[in-house]
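Text of work-v1.pdb (PDB, C-alpha atoms, pLDDT in the B column) as supplied:
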ATOM      1  CA  MET A  63    -108.664 188.748  43.868  1.00 36.00           C
ATOM      2  CA  LYS A  64    -105.557 190.904  43.344  1.00 36.00           C
ATOM      3  CA  LYS A  65    -103.391 187.919  44.269  1.00 36.00           C
ATOM      4  CA  PHE A  66    -105.168 185.782  41.635  1.00 31.00           C
ATOM      5  CA  ALA A  67    -104.766 188.507  38.978  1.00 36.00           C
ATOM      6  CA  ARG A  68    -101.038 188.761  39.720  1.00 34.00           C
ATOM      7  CA  LEU A  69    -100.702 184.966  39.526  1.00 33.00           C
ATOM      8  CA  MET A  70    -102.477 184.903  36.147  1.00 32.00           C
ATOM      9  CA  SER A  71    -100.290 187.758  34.895  1.00 32.00           C
ATOM     10  CA  LEU A  72     -97.192 185.908  36.059  1.00 32.00           C
ATOM     11  CA  CYS A  73     -98.340 182.769  34.268  1.00 33.00           C
ATOM     12  CA  VAL A  74     -98.878 184.662  31.016  1.00 30.00           C
ATOM     13  CA  VAL A  75     -95.511 186.431  31.296  1.00 31.00           C
ATOM     14  CA  LEU A  76     -93.700 183.161  32.037  1.00 32.00           C
ATOM     15  CA  ALA A  77     -95.380 181.552  29.067  1.00 35.00           C
ATOM     16  CA  GLY A  78     -94.277 184.328  26.744  1.00 38.00           C
ATOM     17  CA  GLY A  79     -97.820 185.612  26.394  1.00 37.00           C
ATOM     18  CA  ALA A  80     -99.340 182.212  25.590  1.00 34.00           C
ATOM     19  CA  ALA A  81    -103.002 181.910  26.482  1.00 30.00           C
ATOM     20  CA  THR A  82    -102.904 178.185  27.334  1.00 29.00           C
ATOM     21  CA  VAL A  83    -100.466 177.282  30.092  1.00 29.00           C
ATOM     22  CA  ALA A  84    -100.762 174.088  32.119  1.00 33.00           C
ATOM     23  CA  GLY A  85    -101.472 174.915  35.727  1.00 33.00           C
ATOM     24  CA  CYS A  86    -102.191 178.568  34.975  1.00 34.00           C
ATOM     25  CA  GLY A  87    -105.855 178.425  34.017  1.00 32.00           C
ATOM     26  CA  GLY A  88    -105.237 176.916  30.581  1.00 33.00           C
ATOM     27  CA  GLY A  89    -107.409 174.581  28.523  1.00 35.00           C
ATOM     28  CA  ASP A  90    -107.199 170.895  27.613  1.00 43.00           C
ATOM     29  CA  SER A  91    -104.964 171.233  24.546  1.00 55.00           C
ATOM     30  CA  PHE A  92    -101.650 169.401  24.583  1.00 58.00           C
ATOM     31  CA  SER A  93     -98.376 170.557  23.082  1.00 60.00           C
ATOM     32  CA  GLN A  94     -96.956 168.846  20.039  1.00 59.00           C
ATOM     33  CA  THR A  95     -94.440 167.086  22.313  1.00 69.00           C
ATOM     34  CA  ASP A  96     -97.028 165.669  24.728  1.00 91.00           C
ATOM     35  CA  VAL A  97     -97.831 161.989  24.156  1.00 95.00           C
ATOM     36  CA  ARG A  98    -101.267 162.515  25.753  1.00 95.00           C
ATOM     37  CA  ARG A  99    -102.523 163.986  22.474  1.00 95.00           C
ATOM     38  CA  PHE A 100    -102.538 160.406  21.118  1.00 96.00           C
ATOM     39  CA  ALA A 101    -104.424 158.882  24.081  1.00 96.00           C
ATOM     40  CA  GLY A 102    -107.673 157.095  23.306  1.00 96.00           C
ATOM     41  CA  THR A 103    -109.206 154.027  21.700  1.00 98.00           C
ATOM     42  CA  TYR A 104    -108.396 153.293  18.068  1.00 98.00           C
ATOM     43  CA  ASN A 105    -110.200 150.914  15.719  1.00 98.00           C
ATOM     44  CA  GLY A 106    -108.735 149.911  12.410  1.00 98.00           C
ATOM     45  CA  THR A 107    -107.871 147.353   9.804  1.00 98.00           C
ATOM     46  CA  PHE A 108    -104.791 145.601   8.490  1.00 97.00           C
ATOM     47  CA  THR A 109    -104.064 143.958   5.155  1.00 98.00           C
ATOM     48  CA  GLY A 110    -101.094 141.846   4.209  1.00 97.00           C
ATOM     49  CA  VAL A 111     -99.795 139.349   1.694  1.00 97.00           C
ATOM     50  CA  LEU A 112     -98.659 135.822   2.549  1.00 95.00           C
ATOM     51  CA  MET A 113     -95.013 135.377   1.619  1.00 95.00           C
ATOM     52  CA  ALA A 114     -93.142 132.241   0.499  1.00 88.00           C
ATOM     53  CA  PRO A 115     -92.492 129.729   2.031  1.00 82.00           C
ATOM     54  CA  SER A 116     -96.013 130.018   3.498  1.00 84.00           C
ATOM     55  CA  PRO A 117     -98.698 127.821   1.994  1.00 86.00           C
ATOM     56  CA  GLY A 118    -100.895 130.142  -0.036  1.00 90.00           C
ATOM     57  CA  ALA A 119     -98.064 132.582  -0.803  1.00 94.00           C
ATOM     58  CA  GLY A 120     -99.401 135.624  -2.640  1.00 95.00           C
ATOM     59  CA  GLN A 121    -102.830 135.481  -1.025  1.00 96.00           C
ATOM     60  CA  THR A 122    -104.178 138.520   0.814  1.00 97.00           C
ATOM     61  CA  VAL A 123    -104.949 138.303   4.510  1.00 96.00           C
ATOM     62  CA  GLY A 124    -106.477 140.887   6.785  1.00 96.00           C
ATOM     63  CA  GLY A 125    -108.483 141.698   9.829  1.00 97.00           C
ATOM     64  CA  THR A 126    -109.327 144.304  12.419  1.00 98.00           C
ATOM     65  CA  PHE A 127    -107.746 145.707  15.555  1.00 97.00           C
ATOM     66  CA  THR A 128    -108.625 147.715  18.631  1.00 97.00           C
ATOM     67  CA  ALA A 129    -105.835 149.541  20.450  1.00 97.00           C
ATOM     68  CA  VAL A 130    -105.926 151.714  23.558  1.00 98.00           C
ATOM     69  CA  VAL A 131    -103.189 154.334  24.002  1.00 97.00           C
ATOM     70  CA  ASP A 132    -102.924 155.583  27.595  1.00 97.00           C
ATOM     71  CA  ASN A 133    -101.623 158.979  28.795  1.00 96.00           C
ATOM     72  CA  GLN A 134     -98.063 157.608  29.033  1.00 96.00           C
ATOM     73  CA  GLY A 135     -98.095 156.257  25.450  1.00 97.00           C
ATOM     74  CA  ASN A 136     -98.530 152.577  26.382  1.00 98.00           C
ATOM     75  CA  VAL A 137    -100.523 150.556  23.867  1.00 98.00           C
ATOM     76  CA  THR A 138    -102.696 147.536  24.678  1.00 98.00           C
ATOM     77  CA  GLY A 139    -105.345 145.894  22.590  1.00 97.00           C
ATOM     78  CA  SER A 140    -106.226 143.013  20.346  1.00 97.00           C
ATOM     79  CA  VAL A 141    -106.125 141.905  16.729  1.00 96.00           C
ATOM     80  CA  THR A 142    -108.798 139.743  15.142  1.00 96.00           C
ATOM     81  CA  GLN A 143    -107.946 137.793  12.008  1.00 93.00           C
ATOM     82  CA  PRO A 144    -110.626 135.563  10.467  1.00 93.00           C
ATOM     83  CA  GLY A 145    -109.517 131.935  10.485  1.00 89.00           C
ATOM     84  CA  VAL A 146    -106.712 132.673  12.963  1.00 87.00           C
ATOM     85  CA  GLY A 147    -108.519 134.176  15.945  1.00 92.00           C
ATOM     86  CA  GLN A 148    -107.972 137.022  18.360  1.00 95.00           C
ATOM     87  CA  PHE A 149    -104.650 137.793  20.023  1.00 94.00           C
ATOM     88  CA  PRO A 150    -103.209 140.581  22.194  1.00 96.00           C
ATOM     89  CA  VAL A 151    -101.003 143.502  21.140  1.00 96.00           C
ATOM     90  CA  THR A 152     -98.713 145.635  23.305  1.00 98.00           C
ATOM     91  CA  GLY A 153     -96.353 148.491  22.575  1.00 98.00           C
ATOM     92  CA  THR A 154     -95.794 152.223  22.707  1.00 98.00           C
ATOM     93  CA  VAL A 155     -96.476 155.517  20.992  1.00 98.00           C
ATOM     94  CA  THR A 156     -93.745 158.111  21.595  1.00 97.00           C
ATOM     95  CA  SER A 157     -94.279 161.836  22.033  1.00 95.00           C
ATOM     96  CA  ASP A 158     -93.062 162.439  18.464  1.00 95.00           C
ATOM     97  CA  GLY A 159     -95.633 159.973  17.099  1.00 96.00           C
ATOM     98  CA  ARG A 160     -93.587 156.822  16.517  1.00 97.00           C
ATOM     99  CA  VAL A 161     -95.670 153.659  16.879  1.00 98.00           C
ATOM    100  CA  ASN A 162     -94.011 150.364  17.870  1.00 98.00           C
ATOM    101  CA  VAL A 163     -96.312 147.436  18.638  1.00 97.00           C
ATOM    102  CA  VAL A 164     -95.821 143.675  18.922  1.00 97.00           C
ATOM    103  CA  ALA A 165     -98.448 140.956  18.539  1.00 94.00           C
ATOM    104  CA  GLN A 166     -98.041 137.215  18.943  1.00 90.00           C
ATOM    105  CA  PRO A 167    -100.581 135.307  16.833  1.00 88.00           C
ATOM    106  CA  SER A 168     -99.124 131.944  17.930  1.00 86.00           C
ATOM    107  CA  ALA A 169     -96.221 130.490  19.908  1.00 86.00           C
ATOM    108  CA  ASN A 170     -93.982 130.501  16.807  1.00 90.00           C
ATOM    109  CA  GLN A 171     -95.193 133.769  15.260  1.00 92.00           C
ATOM    110  CA  THR A 172     -94.448 137.385  16.133  1.00 95.00           C
ATOM    111  CA  SER A 173     -95.875 140.395  14.307  1.00 95.00           C
ATOM    112  CA  THR A 174     -94.012 143.702  14.547  1.00 96.00           C
ATOM    113  CA  LEU A 175     -95.893 146.883  13.655  1.00 97.00           C
ATOM    114  CA  SER A 176     -94.079 150.178  13.049  1.00 98.00           C
ATOM    115  CA  GLY A 177     -95.601 153.443  11.988  1.00 98.00           C
ATOM    116  CA  THR A 178     -96.771 156.884  12.978  1.00 98.00           C
ATOM    117  CA  ALA A 179     -99.476 158.484  15.084  1.00 97.00           C
ATOM    118  CA  VAL A 180    -100.861 161.806  13.892  1.00 96.00           C
ATOM    119  CA  ALA A 181    -103.109 164.078  15.982  1.00 94.00           C
ATOM    120  CA  SER A 182    -104.563 167.226  14.492  1.00 91.00           C
ATOM    121  CA  GLY A 183    -107.731 169.207  15.062  1.00 87.00           C
ATOM    122  CA  GLY A 184    -109.047 166.740  17.629  1.00 86.00           C
ATOM    123  CA  GLN A 185    -108.667 163.781  15.256  1.00 93.00           C
ATOM    124  CA  ALA A 186    -105.986 161.098  15.564  1.00 96.00           C
ATOM    125  CA  THR A 187    -104.804 158.201  13.395  1.00 97.00           C
ATOM    126  CA  LEU A 188    -102.309 155.347  13.594  1.00 97.00           C
ATOM    127  CA  SER A 189    -100.820 153.887  10.414  1.00 98.00           C
ATOM    128  CA  GLY A 190     -97.791 151.992   9.203  1.00 98.00           C
ATOM    129  CA  THR A 191     -96.427 148.634   8.161  1.00 98.00           C
ATOM    130  CA  PHE A 192     -96.105 145.230   9.768  1.00 97.00           C
ATOM    131  CA  THR A 193     -94.299 141.953   9.258  1.00 97.00           C
ATOM    132  CA  THR A 194     -95.080 138.583  10.770  1.00 95.00           C
ATOM    133  CA  VAL A 195     -92.220 136.168  11.331  1.00 95.00           C
ATOM    134  CA  ASN A 196     -92.750 132.436  11.856  1.00 92.00           C
ATOM    135  CA  SER A 197     -89.746 130.400  13.030  1.00 89.00           C
ATOM    136  CA  GLY A 198     -87.355 132.984  11.559  1.00 90.00           C
ATOM    137  CA  PHE A 199     -89.103 133.405   8.185  1.00 93.00           C
ATOM    138  CA  THR A 200     -91.175 136.437   7.186  1.00 94.00           C
ATOM    139  CA  VAL A 201     -94.588 134.970   6.369  1.00 94.00           C
ATOM    140  CA  VAL A 202     -96.777 138.098   6.075  1.00 95.00           C
ATOM    141  CA  SER A 203     -96.013 141.695   5.147  1.00 97.00           C
ATOM    142  CA  GLY A 204     -98.591 144.468   5.050  1.00 98.00           C
ATOM    143  CA  THR A 205    -100.055 147.746   6.273  1.00 98.00           C
ATOM    144  CA  PHE A 206    -102.376 148.921   9.063  1.00 98.00           C
ATOM    145  CA  THR A 207    -104.460 152.021   9.682  1.00 98.00           C
ATOM    146  CA  GLY A 208    -106.766 153.060  12.497  1.00 98.00           C
ATOM    147  CA  THR A 209    -108.736 156.064  13.709  1.00 98.00           C
ATOM    148  CA  ARG A 210    -109.325 157.207  17.271  1.00 97.00           C
ATOM    149  CA  ASP A 211    -112.914 157.049  18.501  1.00 90.00           C
ATOM    150  CA  ASP A 212    -113.780 160.607  19.526  1.00 80.00           C
ATOM    151  CA  ASP A 213    -117.164 160.520  21.224  1.00 61.00           C
TER
END
Could you render the structure from this file as structure tokens?
Amino acid sequence: MKKFARLMSLCVVLAGGAATVAGCGGGDSFSQTDVRRFAGTYNGTFTGVLMAPSPGAGQTVGGTFTAVVDNQGNVTGSVTQPGVGQFPVTGTVTSDGRVNVVAQPSANQTSTLSGTAVASGGQATLSGTFTTVNSGFTVVSGTFTGTRDDD
């Protein structure tokens, strides 16, 4: 028991008096530089506007997405757009909250999503902008936002 008390005291001293220290009897909270604070399943929506030279330029398009962020910041998931279908997304979330994801709705189209992840008080969100390029032309530009499912 004395050995354990000394170990705990050493952990607190090494941590500068912090009460939560990984490996020293701390809790589940993650530091603001730990990408694990963004881990989880996110559900959200996206909305964009068709750009010229696309047929229907000026029309609004949208859909839903599900994205899973793992403990290393890797993102996998899918996007569903009515009339287009469902397609996969992959990317990363960095420890400072930068989101970079790519989706490929078709062989000629690539959507690039860039934004931020914010985790605070047990809640987490992803949000930002996206563009879809078809054969070198930007055909859709819009925004996305999603919230982590915290069961």
task: Name the residues in contact with Ser203 of chain A at a cut-off of 12 Å, using only C-alpha atoms, excluding same-chain residues fewer than 5 positions from it; report them as JSON, numbers by chain.
output: {"A": [108, 109, 110, 111, 112, 113, 114, 116, 119, 120, 121, 122, 123, 124, 172, 173, 174, 175, 176, 190, 191, 192, 193, 194, 195, 196]}
task: Could you jot down the atom CA of Gln143 of chain A to atom CA of Thr126 of chain A separation for me, Å, one decimal place?
output: 6.7 Å
Box time for segment 161-166 of chain A: axis-aligned, enclosing all its listed atoms, 3 Å extra on each side; report centre and edge lengths in Å to one decimal, as AutoDock Vina command-line options.
--center_x -96.2 --center_y 145.4 --center_z 17.9 --size_x 10.4 --size_y 22.4 --size_z 8.1
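Of the residues under consideration (A:Gln134, A:Thr156, A:Thr103, A:Ser197), A:Ser197 shows the shortest atom-to-atom contact distance to Asn170 of chain A when counting all atoms listed in the file.
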field: Point-to-point distance from atom CA of Gly102 of chain A to atom CA of Val131 of chain A, Å rounded to tenths
entry: 5.3 Å
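Note that atom CA of Phe127 of chain A and atom CA of Gly145 of chain A are 14.8 Å apart.
Each of A:Ala101, A:Thr200, A:Thr142, A:Asp96 was checked against Asp212 of chain A using all atoms listed in the file; the smallest atom-to-atom distance is that of A:Ala101.
Residues of protein, DNA or RNA having at least one counted atom within 12 Å of (-98.4, 140.2, 21.0), given only C-alpha atoms, are Ala129, Val137, Thr138, Gly139, Ser140, Val141, Thr142, Gln148, Phe149, Pro150, Val151, Thr152, Gly153, Asn162, Val163, Val164, Ala165, Gln166, Pro167, Ser168, Ala169, Asn170, Gln171, Thr172, Ser173, Thr174, Leu175 and Thr194 of chain A.
Shortest atom-to-atom contact with Thr154 of chain A among A:Gly183, A:Phe100, A:Gly125, A:Asp211: A:Phe100, counting all atoms listed in the file.
Using the PyMOL selection byres ((chain A and resi 158) around 9) on the file at hand returns these residues: Gln94, Thr95, Asp96, Val97, Val155, Thr156, Ser157, Gly159, Arg160, Thr178 and Ala179 of chain A.
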Prev. selection, C-alpha atoms, output as a JSON list (two decimals), keeping the file's coordinate frame:
[["chain", "number", "residue", "atom", "x", "y", "z"],
["A", 94, "GLN", "CA", -96.96, 168.85, 20.04],
["A", 95, "THR", "CA", -94.44, 167.09, 22.31],
["A", 96, "ASP", "CA", -97.03, 165.67, 24.73],
["A", 97, "VAL", "CA", -97.83, 161.99, 24.16],
["A", 155, "VAL", "CA", -96.48, 155.52, 20.99],
["A", 156, "THR", "CA", -93.74, 158.11, 21.60],
["A", 157, "SER", "CA", -94.28, 161.84, 22.03],
["A", 159, "GLY", "CA", -95.63, 159.97, 17.10],
["A", 160, "ARG", "CA", -93.59, 156.82, 16.52],
["A", 178, "THR", "CA", -96.77, 156.88, 12.98],
["A", 179, "ALA", "CA", -99.48, 158.48, 15.08]]
Cut-off 10 Å around (-109.9, 162.5, 12.0) with all atoms listed in the file: residues as a PyMOL selection string: chain A and resi 180-187+208-212
Would you mind completing segment 151-169 of chain A so that it carries N, CA and C atoms, and writing it out as a PDB file, keeping the file's coordinate frame?
ATOM      1  N   VAL A 151    -102.085 142.653  21.623  1.00 96.00           N
ATOM      2  CA  VAL A 151    -101.003 143.502  21.140  1.00 96.00           C
ATOM      3  C   VAL A 151    -100.559 144.404  22.287  1.00 96.00           C
ATOM      4  N   THR A 152     -99.275 144.700  22.325  1.00 98.00           N
ATOM      5  CA  THR A 152     -98.713 145.635  23.305  1.00 98.00           C
ATOM      6  C   THR A 152     -97.642 146.460  22.620  1.00 98.00           C
ATOM      7  N   GLY A 153     -97.395 147.658  23.149  1.00 98.00           N
ATOM      8  CA  GLY A 153     -96.353 148.491  22.575  1.00 98.00           C
ATOM      9  C   GLY A 153     -96.397 149.897  23.113  1.00 98.00           C
ATOM     10  N   THR A 154     -95.873 150.828  22.297  1.00 98.00           N
ATOM     11  CA  THR A 154     -95.794 152.223  22.707  1.00 98.00           C
ATOM     12  C   THR A 154     -96.030 153.165  21.531  1.00 98.00           C
ATOM     13  N   VAL A 155     -96.466 154.375  21.898  1.00 98.00           N
ATOM     14  CA  VAL A 155     -96.476 155.517  20.992  1.00 98.00           C
ATOM     15  C   VAL A 155     -95.622 156.571  21.696  1.00 98.00           C
ATOM     16  N   THR A 156     -94.622 157.104  20.993  1.00 97.00           N
ATOM     17  CA  THR A 156     -93.745 158.111  21.595  1.00 97.00           C
ATOM     18  C   THR A 156     -94.326 159.511  21.397  1.00 97.00           C
ATOM     19  N   SER A 157     -93.771 160.471  22.116  1.00 95.00           N
ATOM     20  CA  SER A 157     -94.279 161.836  22.033  1.00 95.00           C
ATOM     21  C   SER A 157     -94.129 162.441  20.639  1.00 95.00           C
ATOM     22  N   ASP A 158     -93.194 161.934  19.834  1.00 95.00           N
ATOM     23  CA  ASP A 158     -93.062 162.439  18.464  1.00 95.00           C
ATOM     24  C   ASP A 158     -93.858 161.606  17.459  1.00 95.00           C
ATOM     25  N   GLY A 159     -94.713 160.687  17.968  1.00 96.00           N
ATOM     26  CA  GLY A 159     -95.633 159.973  17.099  1.00 96.00           C
ATOM     27  C   GLY A 159     -95.141 158.664  16.514  1.00 96.00           C
ATOM     28  N   ARG A 160     -94.043 158.128  17.026  1.00 97.00           N
ATOM     29  CA  ARG A 160     -93.587 156.822  16.517  1.00 97.00           C
ATOM     30  C   ARG A 160     -94.371 155.705  17.194  1.00 97.00           C
ATOM     31  N   VAL A 161     -94.886 154.789  16.390  1.00 98.00           N
ATOM     32  CA  VAL A 161     -95.670 153.659  16.879  1.00 98.00           C
ATOM     33  C   VAL A 161     -94.829 152.396  16.761  1.00 98.00           C
ATOM     34  N   ASN A 162     -94.695 151.646  17.863  1.00 98.00           N
ATOM     35  CA  ASN A 162     -94.011 150.364  17.870  1.00 98.00           C
ATOM     36  C   ASN A 162     -94.853 149.393  18.683  1.00 98.00           C
ATOM     37  N   VAL A 163     -95.400 148.380  18.007  1.00 97.00           N
ATOM     38  CA  VAL A 163     -96.312 147.436  18.638  1.00 97.00           C
ATOM     39  C   VAL A 163     -95.914 146.020  18.241  1.00 97.00           C
ATOM     40  N   VAL A 164     -96.109 145.089  19.171  1.00 97.00           N
ATOM     41  CA  VAL A 164     -95.821 143.675  18.922  1.00 97.00           C
ATOM     42  C   VAL A 164     -97.078 142.869  19.212  1.00 97.00           C
ATOM     43  N   ALA A 165     -97.347 141.892  18.349  1.00 94.00           N
ATOM     44  CA  ALA A 165     -98.448 140.956  18.539  1.00 94.00           C
ATOM     45  C   ALA A 165     -97.885 139.552  18.387  1.00 94.00           C
ATOM     46  N   GLN A 166     -98.501 138.596  19.060  1.00 90.00           N
ATOM     47  CA  GLN A 166     -98.041 137.215  18.943  1.00 90.00           C
ATOM     48  C   GLN A 166     -99.230 136.320  18.591  1.00 90.00           C
ATOM     49  N   PRO A 167     -99.449 136.118  17.271  1.00 88.00           N
ATOM     50  CA  PRO A 167    -100.581 135.307  16.833  1.00 88.00           C
ATOM     51  C   PRO A 167    -100.509 133.849  17.297  1.00 88.00           C
ATOM     52  N   SER A 168     -99.291 133.317  17.449  1.00 86.00           N
ATOM     53  CA  SER A 168     -99.124 131.944  17.930  1.00 86.00           C
ATOM     54  C   SER A 168     -97.766 131.837  18.615  1.00 86.00           C
ATOM     55  N   ALA A 169     -97.485 130.682  19.188  1.00 86.00           N
ATOM     56  CA  ALA A 169     -96.221 130.490  19.908  1.00 86.00           C
ATOM     57  C   ALA A 169     -95.004 130.697  19.010  1.00 86.00           C
TER      58      ALA A 169
END
